[in-house]
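J.: Input: one structure, supplied below.
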Amino acid sequence: MQITLNGEPRALDAPLTVEALIRSLGLDPARIAGERNFEIVTRSLYGETPVEEGDKLEIVHFIGGGSGDDGWSVAGRRFTSRLIIGTGKYKSYEENARALEASGAEIVTVAIRRVNLSNPGEPRLTDFIDPKKTVFLPNTAGCFTGEEAVRTLRLAREMGGWTLVKLEVLGDKKTLYPDMIETIRSTELLTKEGFEVMVYCTDDPLMARRCEEAGAVAIMPLAAPIGSGLGIQNPVNIRLIVEQSKVPVLVDAGVGTASDASVAMELGCDGVLMNTAIAEAKDPVRMAAAMKHAVLAGRLAYRAGRMPRKTYADPSSPLAGLI
């Protein structure tokens with residue numbers, strides 16, 4: 001009898017129950033979970049559930065996660081890394097690729113620009129970063145109207161079938177703050193067209209809520225103006241956005257160094273998106289590695305729960321019994 005077990009073909013000499021199969025593998029049924037033909041098999045039914053010709057079975061157990069993190073999801077997609085990096089401002093695509101590897105990021109933002117017709121053979125991002133191995137997140141960087149943003153993302157979808165996108169509609173060239181009226185309108189339009197929209201927005205809890213109501217699959221409040229490196233300027237509002245949101249919240253824009261990324265994660269954010277902080281560091285590859293560890297440390301600290309802040313000192317060693 002032929003079955004598929006954990007993705008591999010396996011021949012069985014005789015009919016077995018799920019429990020008998022588990023025990024034949026030297027496993028304790030009480031310590032694993034089983035799935036037969038994409039349906040969970042309840043542990044109490046292991047002894048009654050037959051393994052039949054052609055069955056597809058999965059047997060899983062808990063392992064140490066390595067990073068100590070629990071991963072996150074957006075629009076039904078699961079990711080391990082909570083760091084997203086950009087692909088602009090690097091000295092070369094090769095440097096960008098090395099920074100990506102050092103960061104451990106699984107998603108990169110990509111802008112949509114016209115092909116240089118005078119030099120169609122020039123190097124391209126996809127020559128260095130494979131979209132089959134790294135998720136490309138098309139964004140609308142440089143768009144100042146909803147129409148520009150929607151048109152840009154329609155082209156992105158046509159190029160690669162991408163529907164998970166990052167929307168930013170800017171208000172002016174000096175601050176690069178988002179125009180929230182146009183942003184919300186664009187979110188509604190794109191959502192109706194089947195896009196899954198991660199939305200760059202102000203750090204205003206009310207505007208963040210409007211974005212979610214408009215269909216955003218993730219809220220991305222700025223920490224500070226794009227490219228400023230000022231770090232999180234309004235941690236109270238970021239925390240309020242995290243508390244009220246039913247979709248992932250990722251700090252986007254304004255991160256300058258690793259401690260900024262840690263603060264964002266300690267506030268409970270699901271992730272951090274950055275570009276300039278890595279690309280314009282003196283050593284982008286080393287900074288990318290620092291950001292990877294900062295995000296992990298901040299997430300672990302958030303899950304651990306910080307000690308309460310106190311007005312006065314509280315000695316670690318008891319004062320009673322001093323010599």
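Residue numbering restarts at 1 for every chain of the structure tokens, chains are lettered A, B, ... in their displayed order, and ligands are numbered from 1 as they appear.
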For Arg209 in chain A, list every protein, DNA or RNA residue within 8 Å, evaluated using only C-alpha atoms, and leave out those in the same chain fewer than 5 positions away; present the list as a ChimeraX atom specification.
T.: /A:241,244-245
J.: May I have the residues within 7 Å of Ala99 in chain A as a PyMOL selection string, using only C-alpha atoms and disregarding those fewer than 3 positions away in the same chain?
T.: chain A and resi 95-96+102-103+284-285+288
J.: So that I have them on file, write out the residues from the current selection with C-alpha atoms, as a CSV table (one decimal), in the first residue's frame.
T.:
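Printed below is again.csv as written:
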chain,number,residue,atom,x,y,z
A,95,GLU,CA,24.8,45.6,-2.0
A,96,ASN,CA,21.1,45.5,-1.6
A,102,ALA,CA,22.0,39.8,6.4
A,103,SER,CA,18.6,41.1,7.5
A,284,PRO,CA,24.6,48.7,5.2
A,285,VAL,CA,25.1,45.0,5.5
A,288,ALA,CA,20.9,45.1,8.3
J.: Any idea what's packed within 7 Å of Asp203 in chain A, counting only C-alpha atoms, ignoring anything in its chain fewer than 6 positions away? Could you give it as a list of chain:residue names?
T.: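 Non-adjacent residues within range: A:Pro221, A:Leu222, A:Asn237, A:Ile238.
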J.: What is the CA of Met274 in chain A-CA of Ala297 in chain A distance in Å, reported with one decimal?
T.: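 These atoms are spaced 16.8 Å apart.
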J.: Please provide as a PyMOL selection string all residues within 9 Å of range 125-132 of chain A, with the sequence filter that same-chain residues fewer than 2 positions apart are discarded (counting only C-alpha atoms).
T.: chain A and resi 87+93-94+96-97+100+110+123+134-136
J.: Excluding same-chain residues fewer than 4 positions from range 171-179 of chain A, what lies within 9 Å of it counting only C-alpha atoms, as a list in words?
T.: Gly142, Phe144, Thr145, Thr183, Ile184, Tyr200, Cys201, Thr202, Leu222, Pro225 and Ile226 of chain A
J.: I'd like the interatomic distance between CA of Gly256 in chain A and CA of Leu230 in chain A, to a tenth of an Å.
T.: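 That distance, rounded to one decimal, is 6.0 Å.
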J.: Work out how far CA of Thr80 in chain A is from CA of Ile22 in chain A, in Å to one decimal.
T.: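 Atom-to-atom, CA of Ile22 in chain A to CA of Thr80 in chain A, that is 28.9 Å.
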J.: As a VMD selection string, please: the residues near Glu280 in chain A (cut-off 10 Å, only C-alpha atoms, same-chain neighbours under 4 positions excluded).
T.: chain A and resid 88 to 91 227 256 275 to 276 284 287
J.: Just write the chosen residues, C-alpha atoms, as a compact mmCIF listing (two decimals), in the first residue's frame.
T.:
# COMPACT_ATOMS: atom_id res chain seq x y z
CA GLY A 88 16.15 52.13 -2.81
CA LYS A 89 19.23 54.28 -2.10
CA TYR A 90 21.74 51.41 -2.10
CA LYS A 91 25.03 51.91 -3.93
CA GLY A 227 14.12 59.14 5.46
CA GLY A 256 17.22 55.51 12.13
CA ASN A 275 14.91 51.51 3.86
CA THR A 276 17.11 54.55 4.51
CA PRO A 284 24.56 48.74 5.18
CA MET A 287 23.30 47.56 9.89
J.: What are the DSSP strand (DSSP E or B) residues of range 28-264 of chain A, as JSON, numbers by chain?
T.: {"A": [33, 34, 35, 36, 39, 40, 41, 50, 51, 56, 57, 58, 59, 60, 72, 73, 74, 77, 78, 79, 83, 84, 85, 107, 108, 109, 110, 135, 136, 137, 138, 139, 164, 165, 166, 167, 170, 178, 196, 197, 198, 199, 200, 201, 218, 219, 220, 221, 249, 250, 251, 252]}
J.: Can I get the selected residues back with N, CA and C atoms, as a compact mmCIF listing (two decimals), in the first residue's frame?
T.:
# COMPACT_ATOMS: atom_id res chain seq x y z
N ALA A 33 0.66 15.65 16.60
CA ALA A 33 -0.65 15.93 15.99
C ALA A 33 -0.66 15.34 14.60
N GLY A 34 -1.81 14.83 14.17
CA GLY A 34 -1.89 14.17 12.88
C GLY A 34 -2.94 14.76 11.97
N GLU A 35 -2.67 14.70 10.68
CA GLU A 35 -3.61 15.17 9.67
C GLU A 35 -3.69 14.11 8.58
N ARG A 36 -4.92 13.77 8.16
CA ARG A 36 -5.12 12.78 7.10
C ARG A 36 -5.92 13.41 5.98
N GLU A 39 -7.28 16.89 6.69
CA GLU A 39 -8.22 17.05 7.80
C GLU A 39 -7.56 16.56 9.08
N ILE A 40 -7.72 17.34 10.16
CA ILE A 40 -7.14 16.97 11.44
C ILE A 40 -7.78 15.67 11.93
N VAL A 41 -6.95 14.75 12.43
CA VAL A 41 -7.45 13.54 13.07
C VAL A 41 -7.40 13.75 14.58
N PRO A 50 -8.48 4.41 9.88
CA PRO A 50 -7.60 3.57 9.05
C PRO A 50 -6.71 4.40 8.14
N VAL A 51 -5.55 3.87 7.83
CA VAL A 51 -4.68 4.44 6.80
C VAL A 51 -4.95 3.66 5.52
N LYS A 56 -2.74 10.91 2.22
CA LYS A 56 -1.69 11.89 2.48
C LYS A 56 -1.74 12.23 3.97
N LEU A 57 -0.69 11.91 4.68
CA LEU A 57 -0.67 12.12 6.13
C LEU A 57 0.45 13.07 6.52
N GLU A 58 0.15 13.89 7.51
CA GLU A 58 1.16 14.77 8.10
C GLU A 58 1.22 14.49 9.58
N ILE A 59 2.43 14.31 10.10
CA ILE A 59 2.63 14.11 11.53
C ILE A 59 3.58 15.21 11.99
N VAL A 60 3.14 16.01 12.95
CA VAL A 60 3.93 17.16 13.39
C VAL A 60 4.11 17.15 14.90
N TRP A 72 4.22 35.98 12.02
CA TRP A 72 3.06 36.85 11.88
C TRP A 72 2.43 36.59 10.52
N SER A 73 1.19 37.04 10.35
CA SER A 73 0.46 36.80 9.11
C SER A 73 -0.16 38.09 8.60
N VAL A 74 -0.23 38.20 7.27
CA VAL A 74 -0.94 39.31 6.65
C VAL A 74 -1.63 38.77 5.40
N ARG A 77 -1.03 35.21 4.41
CA ARG A 77 0.35 34.77 4.17
C ARG A 77 1.12 34.79 5.48
N ARG A 78 1.90 33.76 5.72
CA ARG A 78 2.62 33.62 6.98
C ARG A 78 4.11 33.93 6.77
N PHE A 79 4.67 34.72 7.69
CA PHE A 79 6.08 35.09 7.60
C PHE A 79 6.76 34.87 8.95
N LEU A 83 10.79 41.87 9.88
CA LEU A 83 11.49 43.00 9.29
C LEU A 83 11.24 43.02 7.78
N ILE A 84 10.82 44.17 7.26
CA ILE A 84 10.66 44.38 5.82
C ILE A 84 11.65 45.47 5.43
N ILE A 85 12.39 45.26 4.35
CA ILE A 85 13.34 46.29 3.94
C ILE A 85 13.02 46.77 2.53
N ILE A 107 10.40 39.91 2.89
CA ILE A 107 9.65 40.82 2.03
C ILE A 107 10.52 42.04 1.73
N VAL A 108 10.50 42.48 0.46
CA VAL A 108 11.14 43.75 0.11
C VAL A 108 10.13 44.62 -0.63
N THR A 109 10.15 45.91 -0.36
CA THR A 109 9.31 46.83 -1.12
C THR A 109 10.00 47.16 -2.43
N VAL A 110 9.21 47.29 -3.48
CA VAL A 110 9.76 47.63 -4.79
C VAL A 110 8.91 48.73 -5.41
N VAL A 135 9.46 37.78 -1.24
CA VAL A 135 8.18 38.39 -1.62
C VAL A 135 8.42 39.85 -2.00
N PHE A 136 8.03 40.20 -3.21
CA PHE A 136 8.08 41.59 -3.64
C PHE A 136 6.78 42.27 -3.21
N LEU A 137 6.93 43.43 -2.57
CA LEU A 137 5.77 44.21 -2.14
C LEU A 137 5.75 45.50 -2.95
N PRO A 138 5.05 45.52 -4.08
CA PRO A 138 5.01 46.75 -4.90
C PRO A 138 4.43 47.90 -4.08
N ASN A 139 5.05 49.07 -4.17
CA ASN A 139 4.51 50.22 -3.46
C ASN A 139 4.30 51.39 -4.41
N LEU A 164 -0.78 41.63 -3.12
CA LEU A 164 -0.39 42.21 -1.84
C LEU A 164 0.50 43.41 -2.14
N VAL A 165 0.06 44.60 -1.75
CA VAL A 165 0.74 45.83 -2.14
C VAL A 165 0.83 46.79 -0.97
N LYS A 166 1.74 47.74 -1.10
CA LYS A 166 1.84 48.82 -0.11
C LYS A 166 1.39 50.12 -0.76
N LEU A 167 0.44 50.76 -0.12
CA LEU A 167 -0.10 52.02 -0.65
C LEU A 167 0.44 53.20 0.14
N LEU A 170 1.16 60.54 -1.06
CA LEU A 170 1.83 61.61 -0.33
C LEU A 170 1.11 62.95 -0.48
N PRO A 178 1.61 61.38 4.48
CA PRO A 178 0.52 60.86 3.66
C PRO A 178 -0.68 61.79 3.63
N GLU A 196 -4.81 43.43 -1.91
CA GLU A 196 -4.68 43.34 -0.45
C GLU A 196 -3.72 44.46 -0.06
N VAL A 197 -4.25 45.48 0.59
CA VAL A 197 -3.55 46.76 0.69
C VAL A 197 -2.98 46.98 2.10
N MET A 198 -1.66 47.09 2.15
CA MET A 198 -0.97 47.52 3.37
C MET A 198 -0.79 49.03 3.26
N VAL A 199 -1.29 49.77 4.23
CA VAL A 199 -1.45 51.22 4.06
C VAL A 199 -0.50 52.03 4.93
N TYR A 200 0.33 52.85 4.29
CA TYR A 200 1.17 53.84 4.97
C TYR A 200 0.28 54.99 5.41
N CYS A 201 0.33 55.35 6.70
CA CYS A 201 -0.58 56.37 7.21
C CYS A 201 0.10 57.20 8.30
N ALA A 218 -3.24 45.71 6.51
CA ALA A 218 -2.22 46.07 7.49
C ALA A 218 -2.15 47.58 7.59
N ILE A 219 -1.90 48.07 8.80
CA ILE A 219 -1.77 49.50 9.05
C ILE A 219 -0.30 49.80 9.28
N MET A 220 0.22 50.85 8.60
CA MET A 220 1.64 51.15 8.66
C MET A 220 1.88 52.62 9.03
N PRO A 221 1.71 52.94 10.31
CA PRO A 221 1.90 54.34 10.73
C PRO A 221 3.37 54.74 10.69
N VAL A 249 -0.01 45.71 12.53
CA VAL A 249 0.48 47.09 12.57
C VAL A 249 2.00 47.05 12.44
N LEU A 250 2.53 47.76 11.45
CA LEU A 250 3.97 47.81 11.23
C LEU A 250 4.41 49.26 11.17
N VAL A 251 5.40 49.63 11.96
CA VAL A 251 5.95 50.98 11.87
C VAL A 251 6.67 51.13 10.53
N ASP A 252 6.39 52.23 9.85
CA ASP A 252 6.94 52.45 8.51
C ASP A 252 7.42 53.90 8.42
J.: Determine the nearest neighbour of Met291 in chain A from the options A:Leu21, A:Ala223, A:Leu153, A:Ala105, counting only C-alpha atoms.
T.: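 That would be A:Ala105, the residue with the smallest distance to Met291 in chain A.
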J.: Check the smallest atom-to-atom distance from each of A:Lys282, A:Arg185, A:Arg31, A:Lys246 to Glu168 in chain A using only C-alpha atoms, then report the winner.
T.: A:Arg185
J.: Looking at only C-alpha atoms, which of A:Arg43, A:Asn234, A:Val242, A:His293 is the one that sits closest to Ser259 in chain A?
T.: A:His293
J.: Counting only C-alpha atoms, what is within 12 Å of Leu12 in chain A, bar same-chain residues fewer than 6 positions away, as a ChimeraX atom specification?
T.: /A:1-5,20-21,24-25,51-55
J.: Now that the selection is made, can you save its residues with all heavy atoms as a JSON list (two decimals), in the first residue's frame?
T.:
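Dumped to again.json:
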[["chain", "number", "residue", "atom", "x", "y", "z"],
["A", 1, "MET", "N", 0.86, -1.19, 0.00],
["A", 1, "MET", "CA", 0.00, 0.00, 0.00],
["A", 1, "MET", "C", 0.89, 1.24, 0.00],
["A", 1, "MET", "O", 1.84, 1.34, 0.78],
["A", 1, "MET", "CB", -0.91, 0.00, 1.23],
["A", 1, "MET", "CG", -1.85, 1.19, 1.30],
["A", 1, "MET", "SD", -3.13, 1.00, 2.56],
["A", 1, "MET", "CE", -2.14, 0.90, 4.05],
["A", 2, "GLN", "N", 0.60, 2.17, -0.87],
["A", 2, "GLN", "CA", 1.39, 3.39, -1.00],
["A", 2, "GLN", "C", 0.66, 4.58, -0.37],
["A", 2, "GLN", "O", -0.54, 4.79, -0.62],
["A", 2, "GLN", "CB", 1.67, 3.71, -2.47],
["A", 2, "GLN", "CG", 2.65, 2.75, -3.15],
["A", 2, "GLN", "CD", 4.07, 2.94, -2.66],
["A", 2, "GLN", "OE1", 4.46, 4.03, -2.23],
["A", 2, "GLN", "NE2", 4.86, 1.88, -2.72],
["A", 3, "ILE", "N", 1.36, 5.31, 0.46],
["A", 3, "ILE", "CA", 0.82, 6.54, 1.03],
["A", 3, "ILE", "C", 1.87, 7.64, 0.90],
["A", 3, "ILE", "O", 3.02, 7.38, 0.49],
["A", 3, "ILE", "CB", 0.44, 6.37, 2.53],
["A", 3, "ILE", "CG1", 1.71, 6.11, 3.37],
["A", 3, "ILE", "CG2", -0.59, 5.25, 2.71],
["A", 3, "ILE", "CD1", 1.47, 6.18, 4.87],
["A", 4, "THR", "N", 1.49, 8.86, 1.23],
["A", 4, "THR", "CA", 2.45, 9.97, 1.31],
["A", 4, "THR", "C", 2.49, 10.43, 2.76],
["A", 4, "THR", "O", 1.45, 10.81, 3.33],
["A", 4, "THR", "CB", 2.02, 11.13, 0.41],
["A", 4, "THR", "OG1", 1.93, 10.68, -0.94],
["A", 4, "THR", "CG2", 3.04, 12.27, 0.48],
["A", 5, "LEU", "N", 3.67, 10.37, 3.36],
["A", 5, "LEU", "CA", 3.84, 10.71, 4.77],
["A", 5, "LEU", "C", 4.80, 11.88, 4.90],
["A", 5, "LEU", "O", 5.96, 11.78, 4.49],
["A", 5, "LEU", "CB", 4.35, 9.50, 5.55],
["A", 5, "LEU", "CG", 4.58, 9.69, 7.05],
["A", 5, "LEU", "CD1", 3.27, 10.04, 7.76],
["A", 5, "LEU", "CD2", 5.20, 8.43, 7.66],
["A", 20, "ALA", "N", -1.44, 2.98, 15.00],
["A", 20, "ALA", "CA", -0.44, 1.94, 14.75],
["A", 20, "ALA", "C", 0.71, 2.47, 13.90],
["A", 20, "ALA", "O", 1.88, 2.13, 14.12],
["A", 20, "ALA", "CB", -1.11, 0.75, 14.07],
["A", 21, "LEU", "N", 0.39, 3.32, 12.93],
["A", 21, "LEU", "CA", 1.43, 3.91, 12.10],
["A", 21, "LEU", "C", 2.35, 4.79, 12.95],
["A", 21, "LEU", "O", 3.58, 4.72, 12.83],
["A", 21, "LEU", "CB", 0.81, 4.74, 10.98],
["A", 21, "LEU", "CG", 1.79, 5.53, 10.10],
["A", 21, "LEU", "CD1", 2.75, 4.61, 9.38],
["A", 21, "LEU", "CD2", 1.02, 6.40, 9.10],
["A", 24, "SER", "N", 4.55, 2.67, 15.03],
["A", 24, "SER", "CA", 5.56, 1.96, 14.22],
["A", 24, "SER", "C", 6.75, 2.86, 13.90],
["A", 24, "SER", "O", 7.83, 2.38, 13.58],
["A", 24, "SER", "CB", 4.93, 1.43, 12.93],
["A", 24, "SER", "OG", 4.68, 2.49, 12.01],
["A", 25, "LEU", "N", 6.52, 4.16, 13.98],
["A", 25, "LEU", "CA", 7.59, 5.12, 13.72],
["A", 25, "LEU", "C", 8.38, 5.46, 14.99],
["A", 25, "LEU", "O", 9.29, 6.29, 14.97],
["A", 25, "LEU", "CB", 7.00, 6.41, 13.13],
["A", 25, "LEU", "CG", 6.31, 6.26, 11.78],
["A", 25, "LEU", "CD1", 5.53, 7.54, 11.44],
["A", 25, "LEU", "CD2", 7.31, 5.94, 10.68],
["A", 51, "VAL", "N", -5.55, 3.87, 7.83],
["A", 51, "VAL", "CA", -4.68, 4.44, 6.80],
["A", 51, "VAL", "C", -4.95, 3.66, 5.52],
["A", 51, "VAL", "O", -4.80, 2.43, 5.48],
["A", 51, "VAL", "CB", -3.20, 4.34, 7.19],
["A", 51, "VAL", "CG1", -2.32, 4.89, 6.08],
["A", 51, "VAL", "CG2", -2.95, 5.08, 8.49],
["A", 52, "GLU", "N", -5.36, 4.36, 4.46],
["A", 52, "GLU", "CA", -5.77, 3.68, 3.24],
["A", 52, "GLU", "C", -4.88, 4.07, 2.06],
["A", 52, "GLU", "O", -4.15, 5.06, 2.10],
["A", 52, "GLU", "CB", -7.24, 4.02, 2.94],
["A", 52, "GLU", "CG", -8.19, 3.57, 4.05],
["A", 52, "GLU", "CD", -9.63, 3.97, 3.79],
["A", 52, "GLU", "OE1", -9.85, 4.91, 2.99],
["A", 52, "GLU", "OE2", -10.54, 3.36, 4.39],
["A", 53, "GLU", "N", -4.98, 3.28, 1.01],
["A", 53, "GLU", "CA", -4.20, 3.51, -0.20],
["A", 53, "GLU", "C", -4.34, 4.95, -0.69],
["A", 53, "GLU", "O", -5.45, 5.48, -0.80],
["A", 53, "GLU", "CB", -4.67, 2.56, -1.30],
["A", 53, "GLU", "CG", -3.98, 2.73, -2.64],
["A", 53, "GLU", "CD", -2.55, 2.23, -2.65],
["A", 53, "GLU", "OE1", -2.25, 1.26, -1.90],
["A", 53, "GLU", "OE2", -1.73, 2.80, -3.39],
["A", 54, "GLY", "N", -3.18, 5.59, -0.94],
["A", 54, "GLY", "CA", -3.20, 6.95, -1.49],
["A", 54, "GLY", "C", -3.36, 8.05, -0.47],
["A", 54, "GLY", "O", -3.36, 9.24, -0.83],
["A", 55, "ASP", "N", -3.50, 7.70, 0.81],
["A", 55, "ASP", "CA", -3.68, 8.73, 1.84],
["A", 55, "ASP", "C", -2.47, 9.66, 1.90],
["A", 55, "ASP", "O", -1.33, 9.24, 1.68],
["A", 55, "ASP", "CB", -3.87, 8.10, 3.23],
["A", 55, "ASP", "CG", -5.32, 7.69, 3.48],
["A", 55, "ASP", "OD1", -6.18, 8.00, 2.62],
["A", 55, "ASP", "OD2", -5.58, 7.07, 4.53]]
J.: So that I can check the secondary structure, give me every residue of range 49-295 of chain A assigned helix (DSSP H, G or I) by backbone DSSP, as a ChimeraX atom specification.
T.: /A:93-103,125-127,146-160,180-192,205-213,235-244,258-266,276-279,284-295
